[in-house]
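*Asks:* Please find model35.txt (compact mmCIF, C-alpha atoms) on the next line:
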# COMPACT_ATOMS: atom_id res chain seq x y z
CA MET A 137 -156.88 30.81 137.62
CA LYS A 138 -157.29 34.04 139.57
CA ASN A 139 -155.09 32.66 142.35
CA PHE A 140 -152.45 31.71 139.78
CA TYR A 141 -152.23 35.31 138.54
CA LEU A 142 -152.08 36.64 142.09
CA VAL A 143 -149.22 34.28 143.01
CA THR A 144 -147.35 35.13 139.79
CA ALA A 145 -147.72 38.86 140.44
CA ALA A 146 -146.47 38.44 144.00
CA VAL A 147 -143.38 36.53 142.83
CA LEU A 148 -142.61 39.18 140.21
CA ILE A 149 -142.88 41.96 142.81
CA ILE A 150 -140.51 40.11 145.16
CA LEU A 151 -138.01 39.60 142.34
CA MET A 152 -138.22 43.26 141.36
CA LEU A 153 -137.44 44.27 144.94
CA THR A 154 -134.65 41.80 145.66
CA LEU A 155 -132.72 41.49 142.40
CA PRO A 156 -131.40 45.08 142.47
CA LEU A 157 -130.08 44.50 145.98
CA LEU A 158 -128.48 41.20 145.06
CA SER A 159 -126.72 42.84 142.15
CA LEU A 160 -124.99 45.19 144.59
CA ALA A 161 -123.47 42.37 146.62
CA PRO A 162 -119.71 41.96 146.02
CA GLU A 163 -118.51 38.67 144.67
CA LYS A 164 -116.75 36.45 147.17
CA THR A 165 -113.00 36.91 146.99
CA ASP A 166 -111.11 34.08 145.25
CA THR A 167 -108.64 33.89 148.12
CA PRO A 168 -110.54 34.20 151.40
CA LEU A 169 -108.41 35.07 154.39
CA VAL A 170 -107.55 32.26 156.76
CA THR A 171 -108.80 33.44 160.15
CA PRO A 172 -106.50 32.55 163.06
CA PRO A 173 -108.04 31.97 166.49
CA PRO A 174 -107.96 34.99 168.81
CA VAL A 175 -105.05 35.19 171.25
CA GLU A 176 -104.76 37.11 174.48
CA VAL A 177 -102.44 40.09 174.14
CA SER A 178 -100.86 42.37 176.73
CA ASP A 179 -99.88 45.23 174.43
CA GLN A 180 -99.77 48.73 175.80
CA ILE A 181 -100.02 51.90 173.77
CA THR A 182 -99.13 55.51 174.54
CA VAL A 183 -101.92 57.82 173.39
CA LEU A 184 -101.68 61.57 172.90
CA ASN A 185 -104.97 63.21 173.83
CA SER A 186 -105.36 65.86 171.13
CA LYS A 187 -107.76 67.90 173.28
CA THR A 188 -105.57 68.16 176.38
CA GLY A 189 -102.10 67.66 174.91
CA GLN A 190 -101.43 65.00 177.57
CA THR A 191 -100.15 61.48 176.90
CA GLU A 192 -101.49 58.37 178.60
CA LYS A 193 -100.21 54.83 178.56
CA MET A 194 -103.04 52.32 178.47
CA ASP A 195 -103.76 48.68 177.72
CA MET A 196 -104.37 48.08 174.04
CA ARG A 197 -107.70 46.43 174.83
CA ASP A 198 -108.95 49.54 176.64
CA TYR A 199 -107.74 51.72 173.77
CA LEU A 200 -109.50 49.58 171.16
CA PHE A 201 -112.73 49.66 173.16
CA GLY A 202 -112.64 53.46 173.04
CA VAL A 203 -111.73 53.54 169.35
CA VAL A 204 -114.38 51.13 168.10
CA ALA A 205 -117.03 52.82 170.26
CA ALA A 206 -116.06 56.15 168.68
CA GLU A 207 -115.67 54.98 165.09
CA ILE A 208 -118.76 52.86 164.49
CA SER A 209 -122.33 52.47 165.66
CA LEU A 210 -122.82 49.51 167.99
CA SER A 211 -126.18 48.92 166.33
CA SER A 212 -124.10 47.51 163.44
CA GLU A 213 -123.88 43.82 162.62
CA PRO A 214 -121.39 41.88 164.81
CA GLU A 215 -119.26 40.97 161.76
CA THR A 216 -118.99 44.66 160.86
CA ILE A 217 -117.86 45.49 164.39
CA LYS A 218 -115.33 42.65 164.28
CA ALA A 219 -113.95 43.93 160.96
CA GLN A 220 -113.69 47.41 162.47
CA SER A 221 -111.96 46.02 165.57
CA VAL A 222 -109.31 44.23 163.49
CA ALA A 223 -108.76 47.29 161.29
CA ALA A 224 -108.42 49.52 164.37
CA TYR A 225 -105.93 47.14 166.02
CA THR A 226 -103.93 46.88 162.80
CA TYR A 227 -103.81 50.65 162.44
CA ALA A 228 -102.63 50.99 166.05
CA LEU A 229 -99.82 48.48 165.46
CA TYR A 230 -98.84 50.28 162.25
CA LYS A 231 -98.63 53.67 164.00
CA THR A 232 -96.79 52.22 167.00
CA GLU A 233 -94.08 50.97 164.66
CA LYS A 234 -94.01 54.21 162.66
CA ASN A 235 -93.77 56.44 165.75
CA LYS A 236 -91.00 54.56 167.56
CA LYS A 237 -88.94 57.73 167.93
CA GLU A 238 -91.87 59.81 169.18
CA LYS A 239 -93.07 60.28 172.77
CA TYR A 240 -96.41 58.74 171.84
CA ASP A 241 -97.67 55.97 169.58
CA ILE A 242 -100.90 57.49 168.33
CA THR A 243 -103.20 60.50 168.78
CA THR A 244 -106.93 60.82 169.40
CA ASP A 245 -107.28 63.29 166.50
CA SER A 246 -109.57 61.57 163.97
CA SER A 247 -108.26 63.78 161.16
CA VAL A 248 -104.79 62.34 161.77
CA ASP A 249 -105.36 58.94 163.36
CA GLN A 250 -108.37 57.19 164.89
CA ALA A 251 -111.13 58.71 166.99
CA TYR A 252 -111.22 57.71 170.65
CA LEU A 253 -113.78 58.10 173.43
CA THR A 254 -113.26 57.84 177.18
CA LYS A 255 -115.55 55.61 179.25
CA ALA A 256 -117.53 58.65 180.37
CA GLU A 257 -117.97 59.82 176.76
CA ILE A 258 -118.99 56.31 175.69
CA SER A 259 -121.58 56.10 178.47
CA GLU A 260 -123.06 59.42 177.36
CA LYS A 261 -123.10 58.36 173.71
CA TRP A 262 -124.76 54.99 174.33
CA GLY A 263 -127.28 56.17 176.94
CA ASP A 264 -129.74 53.47 177.97
CA LYS A 265 -128.10 51.05 175.51
CA ALA A 266 -124.82 51.13 177.44
CA ALA A 267 -125.05 47.68 179.05
CA GLU A 268 -126.19 46.01 175.82
CA TYR A 269 -123.54 47.71 173.68
CA GLU A 270 -120.74 47.10 176.18
CA LYS A 271 -121.39 43.36 176.09
CA LYS A 272 -121.70 43.36 172.29
CA LEU A 273 -118.42 45.22 171.82
CA ASN A 274 -116.56 43.05 174.34
CA ASP A 275 -117.83 39.92 172.56
CA CYS A 276 -116.52 41.25 169.23
CA LEU A 277 -113.18 42.24 170.74
CA ASN A 278 -112.86 38.80 172.36
CA ALA A 279 -113.54 37.10 169.03
CA THR A 280 -110.81 39.11 167.25
CA GLU A 281 -108.27 39.71 170.02
CA GLY A 282 -104.71 39.78 168.74
CA ILE A 283 -105.74 39.43 165.08
CA TYR A 284 -104.32 41.98 162.65
CA ILE A 285 -104.08 42.48 158.89
CA SER A 286 -100.66 41.76 157.43
CA TYR A 287 -98.87 42.40 154.14
CA ASP A 288 -95.28 41.20 153.72
CA ASN A 289 -95.47 40.05 157.35
CA LYS A 290 -96.07 43.57 158.65
CA PRO A 291 -99.21 45.33 159.95
CA ILE A 292 -100.74 47.35 157.13
CA PHE A 293 -101.84 50.97 156.97
CA ALA A 294 -105.45 49.92 157.61
CA ALA A 295 -107.27 53.02 156.38
CA TYR A 296 -111.06 53.07 156.59
CA HIS A 297 -113.86 55.57 156.06
CA ALA A 298 -117.62 55.95 156.52
CA ILE A 299 -119.19 55.80 153.03
CA SER A 300 -117.58 55.41 149.61
CA SER A 301 -118.92 56.74 146.33
CA GLY A 302 -119.72 53.16 145.28
CA LYS A 303 -116.05 52.50 144.63
CA THR A 304 -113.23 53.16 147.07
CA GLU A 305 -110.24 55.32 146.16
CA SER A 306 -106.65 54.16 145.91
CA CYS A 307 -104.12 55.37 148.45
CA GLU A 308 -102.06 56.75 145.58
CA THR A 309 -104.93 58.96 144.37
CA VAL A 310 -105.72 60.43 147.79
CA TRP A 311 -102.32 60.62 149.48
CA GLY A 312 -99.82 60.06 146.66
CA ASN A 313 -98.46 56.87 148.24
CA LYS A 314 -98.96 53.71 146.20
CA LEU A 315 -99.79 50.68 148.35
CA PRO A 316 -100.74 47.35 146.72
CA TYR A 317 -103.45 46.57 149.27
CA LEU A 318 -105.20 49.97 149.11
CA VAL A 319 -106.56 50.10 145.59
CA GLU A 320 -109.89 51.05 144.04
CA THR A 321 -112.52 48.50 145.06
CA GLU A 322 -116.21 48.16 144.24
CA SER A 323 -118.43 48.98 147.22
CA MET A 324 -121.87 49.29 145.67
CA GLY A 325 -123.73 48.68 148.93
CA ASP A 326 -122.83 52.26 149.87
CA LEU A 327 -125.30 53.51 147.26
CA LEU A 328 -128.13 52.32 149.51
CA SER A 329 -127.11 54.57 152.40
CA PRO A 330 -129.51 57.46 153.09
CA ASP A 331 -126.38 59.58 153.68
CA TYR A 332 -124.72 58.63 150.39
CA LEU A 333 -125.72 61.82 148.54
CA THR A 334 -125.70 65.19 150.30
CA GLU A 335 -125.82 68.83 149.26
CA GLN A 336 -123.75 71.63 150.72
CA LYS A 337 -124.15 75.32 149.90
CA ILE A 338 -121.30 77.80 150.32
CA SER A 339 -121.68 81.50 149.63
CA VAL A 340 -119.19 83.29 147.39
CA ASP A 341 -117.98 85.28 150.40
CA ASP A 342 -117.42 82.14 152.48
CA PHE A 343 -115.61 80.54 149.52
CA LYS A 344 -113.31 83.58 149.32
CA ALA A 345 -112.62 83.40 153.05
CA ALA A 346 -111.80 79.69 152.89
CA PHE A 347 -109.16 80.21 150.19
CA SER A 348 -107.88 83.67 151.19
CA GLU A 349 -104.52 82.29 152.40
CA ILE A 350 -104.28 79.49 149.84
CA CYS A 351 -104.61 81.17 146.47
CA THR A 352 -105.55 84.34 144.60
CA LEU A 353 -109.08 84.34 143.20
CA PRO A 354 -110.31 86.31 140.15
CA GLN A 355 -113.05 88.92 140.40
CA ASN A 356 -115.66 86.80 138.65
CA ALA A 357 -116.97 84.02 140.93
CA ALA A 358 -117.79 81.91 137.87
CA GLU A 359 -114.03 81.68 137.27
CA PHE A 360 -113.05 80.70 140.83
CA ILE A 361 -112.99 77.00 139.89
CA GLY A 362 -111.22 75.78 136.76
CA LYS A 363 -110.16 72.39 135.42
CA ILE A 364 -111.03 69.30 137.45
CA THR A 365 -109.41 65.88 137.02
CA ARG A 366 -110.94 62.75 138.50
CA SER A 367 -109.98 59.21 139.47
CA SER A 368 -111.80 56.26 137.97
CA SER A 369 -113.83 56.18 141.21
CA GLY A 370 -115.08 59.66 140.42
CA GLY A 371 -113.22 61.46 143.19
CA VAL A 372 -111.54 64.77 142.44
CA LYS A 373 -107.79 64.24 141.99
CA THR A 374 -106.92 67.85 141.17
CA ILE A 375 -108.90 71.06 140.94
CA ALA A 376 -107.83 74.51 139.77
CA VAL A 377 -108.82 77.23 142.23
CA GLY A 378 -107.78 80.74 141.23
CA ASN A 379 -104.06 80.67 140.49
CA LYS A 380 -103.39 77.31 142.24
CA THR A 381 -104.05 73.65 141.47
CA LEU A 382 -105.05 71.74 144.59
CA THR A 383 -105.64 68.09 145.33
CA GLY A 384 -109.20 66.98 145.95
CA GLY A 385 -108.29 66.39 149.58
CA GLU A 386 -106.91 69.91 150.01
CA PHE A 387 -110.03 71.40 148.44
CA ARG A 388 -112.29 69.24 150.58
CA LYS A 389 -110.45 70.25 153.76
CA ALA A 390 -110.66 73.96 152.94
CA LEU A 391 -114.44 73.83 152.51
CA LYS A 392 -115.11 71.03 155.03
CA LEU A 393 -116.90 68.91 152.44
CA ARG A 394 -117.99 65.39 153.40
CA SER A 395 -115.83 63.90 150.65
CA ALA A 396 -113.74 64.83 147.61
CA ASN A 397 -116.22 63.18 145.26
CA PHE A 398 -118.49 66.04 144.25
CA ASP A 399 -120.08 68.10 141.50
CA VAL A 400 -120.40 71.87 141.83
CA ARG A 401 -122.47 74.61 140.29
CA LEU A 402 -122.83 78.35 140.91
CA SER A 403 -126.37 79.54 141.57
CA ASP A 404 -127.51 82.92 142.96
CA ASN A 405 -124.05 83.83 144.25
CA THR A 406 -123.80 80.47 146.00
CA PHE A 407 -121.69 77.40 145.21
CA VAL A 408 -123.84 74.28 145.44
CA PHE A 409 -121.91 71.04 146.02
CA THR A 410 -123.48 67.64 145.42
CA VAL A 411 -121.30 65.28 147.44
CA ARG A 412 -121.07 61.48 147.23
CA GLY A 413 -120.00 59.43 150.23
CA TYR A 414 -118.33 60.52 153.46
CA GLY A 415 -114.63 60.42 154.27
CA HIS A 416 -111.38 60.07 152.33
CA GLY A 417 -112.64 56.98 150.52
CA VAL A 418 -109.55 54.77 151.02
CA GLY A 419 -109.63 51.22 152.40
CA MET A 420 -112.64 49.69 154.13
CA SER A 421 -115.96 51.44 153.78
CA GLN A 422 -117.83 51.02 157.06
CA CYS A 423 -121.14 51.33 155.23
CA GLY A 424 -120.03 48.79 152.63
CA ALA A 425 -118.83 46.47 155.38
CA GLU A 426 -122.24 46.67 157.04
CA TYR A 427 -123.94 45.84 153.75
CA MET A 428 -121.67 42.83 153.25
CA ALA A 429 -122.32 41.64 156.82
CA LYS A 430 -126.07 41.86 156.26
CA GLN A 431 -125.59 39.70 153.16
CA GLY A 432 -123.86 37.04 155.29
CA SER A 433 -120.16 37.91 154.88
CA THR A 434 -117.82 37.22 157.79
CA PHE A 435 -115.40 39.82 159.10
CA SER A 436 -112.51 38.04 157.38
CA GLU A 437 -114.35 38.13 154.05
CA ILE A 438 -115.04 41.82 154.52
CA LEU A 439 -111.38 42.53 155.25
CA ALA A 440 -110.24 40.43 152.28
CA TRP A 441 -112.54 42.44 150.02
CA TYR A 442 -111.23 45.85 151.04
CA TYR A 443 -107.54 45.07 151.74
CA LYS A 444 -106.27 43.23 148.68
CA GLY A 445 -103.63 40.51 148.93
CA CYS A 446 -103.37 40.62 152.72
CA ALA A 447 -103.38 37.94 155.40
CA LEU A 448 -104.75 37.77 158.94
CA LYS A 449 -102.18 37.02 161.62
CA THR A 450 -101.72 37.09 165.39
CA LYS A 451 -98.78 38.42 167.34
In structure tokens, write the structure found in this file.
*Replies:*
Amino acid sequence: MKNFYLVTAAVLIILMLTLPLLSLAPEKTDTPLVTPPPVEVSDQITVLNSKTGQTEKMDMRDYLFGVVAAEISLSSEPETIKAQSVAAYTYALYKTEKNKKEKYDITTDSSVDQAYLTKAEISEKWGDKAAEYEKKLNDCLNATEGIYISYDNKPIFAAYHAISSGKTESCETVWGNKLPYLVETESMGDLLSPDYLTEQKISVDDFKAAFSEICTLPQNAAEFIGKITRSSSGGVKTIAVGNKTLTGGEFRKALKLRSANFDVRLSDNTFVFTVRGYGHGVGMSQCGAEYMAKQGSTFSEILAWYYKGCALKTK
């Protein structure tokens, strides 16, 4: 009888630990993406190095290697890396089409486009894992070569970010541009990230300096921030600062907050921000993608979850 109680207690403990995690897993999409086989491509892309101001024409494969190495940890699950590779390729195709009249296709400025690392920078970042990670990334790029995300037979604006607030933001909320495939999407696995919730403190003087050329602030610091409106994901849509109403993105940029999903309080002449997630919050959450991959989702299932109504195609 004693053994019976011990076994029962053990089962209950296991259930208590696993059920909360299972409840965070997204449901499988009703229309999983059909994954085409990879195809060899010979695309080239002209990249503007934002640090040097110089442009360089390179093979798309070399560019994607530098982007994925910069944008995601190679300790991630292979399906996460594959999803990131497809999103990065799709974004590159989208910008190449958009910038046809420019002298370059895309920049290395992560605040504008995608991050990018040179081979030397990658080697320094990976250290003694370089050989292992190089093979892993090449395997993922081989498995997804030539595959991109399409809507209406065109490469999509494949936005992605690090960590959502538990629900991604719509493109319309963040950038004012309504796109049917970039809508609010549950991403509850992000809540498990140790970096999901952070705190940032900004002194009243630093706050004044940040907004000195943007708006006029009142004398009383308690009145610096006024009405706040939020999206259904919880992100700040608009926020009154002094005599101006800013978007959440504008406010976040001014103070260099990790995201526009935050609460704020004034304490001892300091603004204390409690911030959820990291990044603009639109499109694929890299943290959410990793959670899905660990639960057994394929890269195509991950992409179908975050980019609604799209298809996977090859050139």
*Asks:* In terms of the shortest atom-to-atom distance over all atoms listed in the file, which of A:Thr374, A:Ser186, A:Ser209, A:Asn356 is closest to Ser246 of chain A?
*Replies:*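 Answer, going by the shortest atom-to-atom distance: A:Ser186.
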*Asks:* Could you please determine the separation between atom CA of Asp288 of chain A and atom CA of Leu315 of chain A in Å, to one decimal place?
*Replies:* 11.8 Å
*Asks:* Could you name the residues that touch segment 375-382 of chain A at 8 Å or less, counting only C-alpha atoms, but leaving out those on the same chain fewer than 4 positions away, as a PyMOL selection string?
*Replies:* chain A and resi 350-354+359-365+386-387
*Asks:* Expressed in Å to a single decimal, how great is the separation between atom CA of His416 of chain A and atom CA of Ser368 of chain A?
*Replies:*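 Atom CA of Ser368 of chain A lies at a distance of 14.9 Å from atom CA of His416 of chain A.
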*Asks:* Give me, as a PyMOL selection string, all polymer residues having an atom no more than 12 Å from Leu184 of chain A, counting only C-alpha atoms and skipping those fewer than 3 positions away in the same chain.
*Replies:* chain A and resi 181+187-194+199+235+238-246+248-252
*Asks:* Could the residues in this selection be saved with C-alpha atoms as a tab-separated table (two decimals), in the coordinates of the input?
*Replies:*
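Saved the output as part-v3.tsv:
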chain	number	residue	atom	x	y	z
A	181	ILE	CA	-100.02	51.90	173.77
A	187	LYS	CA	-107.76	67.90	173.28
A	188	THR	CA	-105.57	68.16	176.38
A	189	GLY	CA	-102.10	67.66	174.91
A	190	GLN	CA	-101.43	65.00	177.57
A	191	THR	CA	-100.15	61.48	176.90
A	192	GLU	CA	-101.49	58.37	178.60
A	193	LYS	CA	-100.21	54.83	178.56
A	194	MET	CA	-103.04	52.32	178.47
A	199	TYR	CA	-107.74	51.72	173.77
A	235	ASN	CA	-93.77	56.44	165.75
A	238	GLU	CA	-91.87	59.81	169.18
A	239	LYS	CA	-93.07	60.28	172.77
A	240	TYR	CA	-96.41	58.74	171.84
A	241	ASP	CA	-97.67	55.97	169.58
A	242	ILE	CA	-100.90	57.49	168.33
A	243	THR	CA	-103.20	60.50	168.78
A	244	THR	CA	-106.93	60.82	169.40
A	245	ASP	CA	-107.28	63.29	166.50
A	246	SER	CA	-109.57	61.57	163.97
A	248	VAL	CA	-104.79	62.34	161.77
A	249	ASP	CA	-105.36	58.94	163.36
A	250	GLN	CA	-108.37	57.19	164.89
A	251	ALA	CA	-111.13	58.71	166.99
A	252	TYR	CA	-111.22	57.71	170.65
*Asks:* Give me, as a Markdown table, the closest atom pair and its distance (Å, one decimal) for every residue of segment 189-307 of chain A within a cut-off of 10 Å of segment 328-331 of chain A, counting all atoms listed in the file, rows sorted by chain and rising number.
*Replies:*
| residue | atom | partner | partner_atom | distance |
| --- | --- | --- | --- | --- |
| A:Ala298 | CA | A:Asp331 | CA | 9.9 |
| A:Ile299 | CA | A:Ser329 | CA | 8.0 |
| A:Ser300 | CA | A:Ser329 | CA | 10.0 |
| A:Gly302 | CA | A:Leu328 | CA | 9.5 |
*Asks:* Could you save the residues just selected, with C-alpha atoms, as a compact mmCIF listing (two decimals), in the coordinates of the input?
*Replies:*
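Written out: again_8.txt:
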# COMPACT_ATOMS: atom_id res chain seq x y z
CA ALA A 298 -117.62 55.95 156.52
CA ILE A 299 -119.19 55.80 153.03
CA SER A 300 -117.58 55.41 149.61
CA GLY A 302 -119.72 53.16 145.28
*Asks:* For Glu322 of chain A, list every protein, DNA or RNA residue within 9 Å, evaluated using only C-alpha atoms, and leave out those in the same chain fewer than 5 positions away; present the list as JSON, numbers by chain.
*Replies:* {"A": [162, 302, 303, 304, 369, 441, 442]}
*Asks:* For the atom pair atom CA of Arg401 of chain A and atom CA of Gln422 of chain A, what is the interatomic distance in Å to one decimal place?
*Replies:* 29.3 Å
*Asks:* Given the choices A:Ser339, A:Ser436, A:Ser348, A:Thr383, which gets closest to Val408 of chain A if the distance is worked out from all atoms listed in the file?
*Replies:*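 The answer is A:Ser339, which sits nearest to Val408 of chain A.
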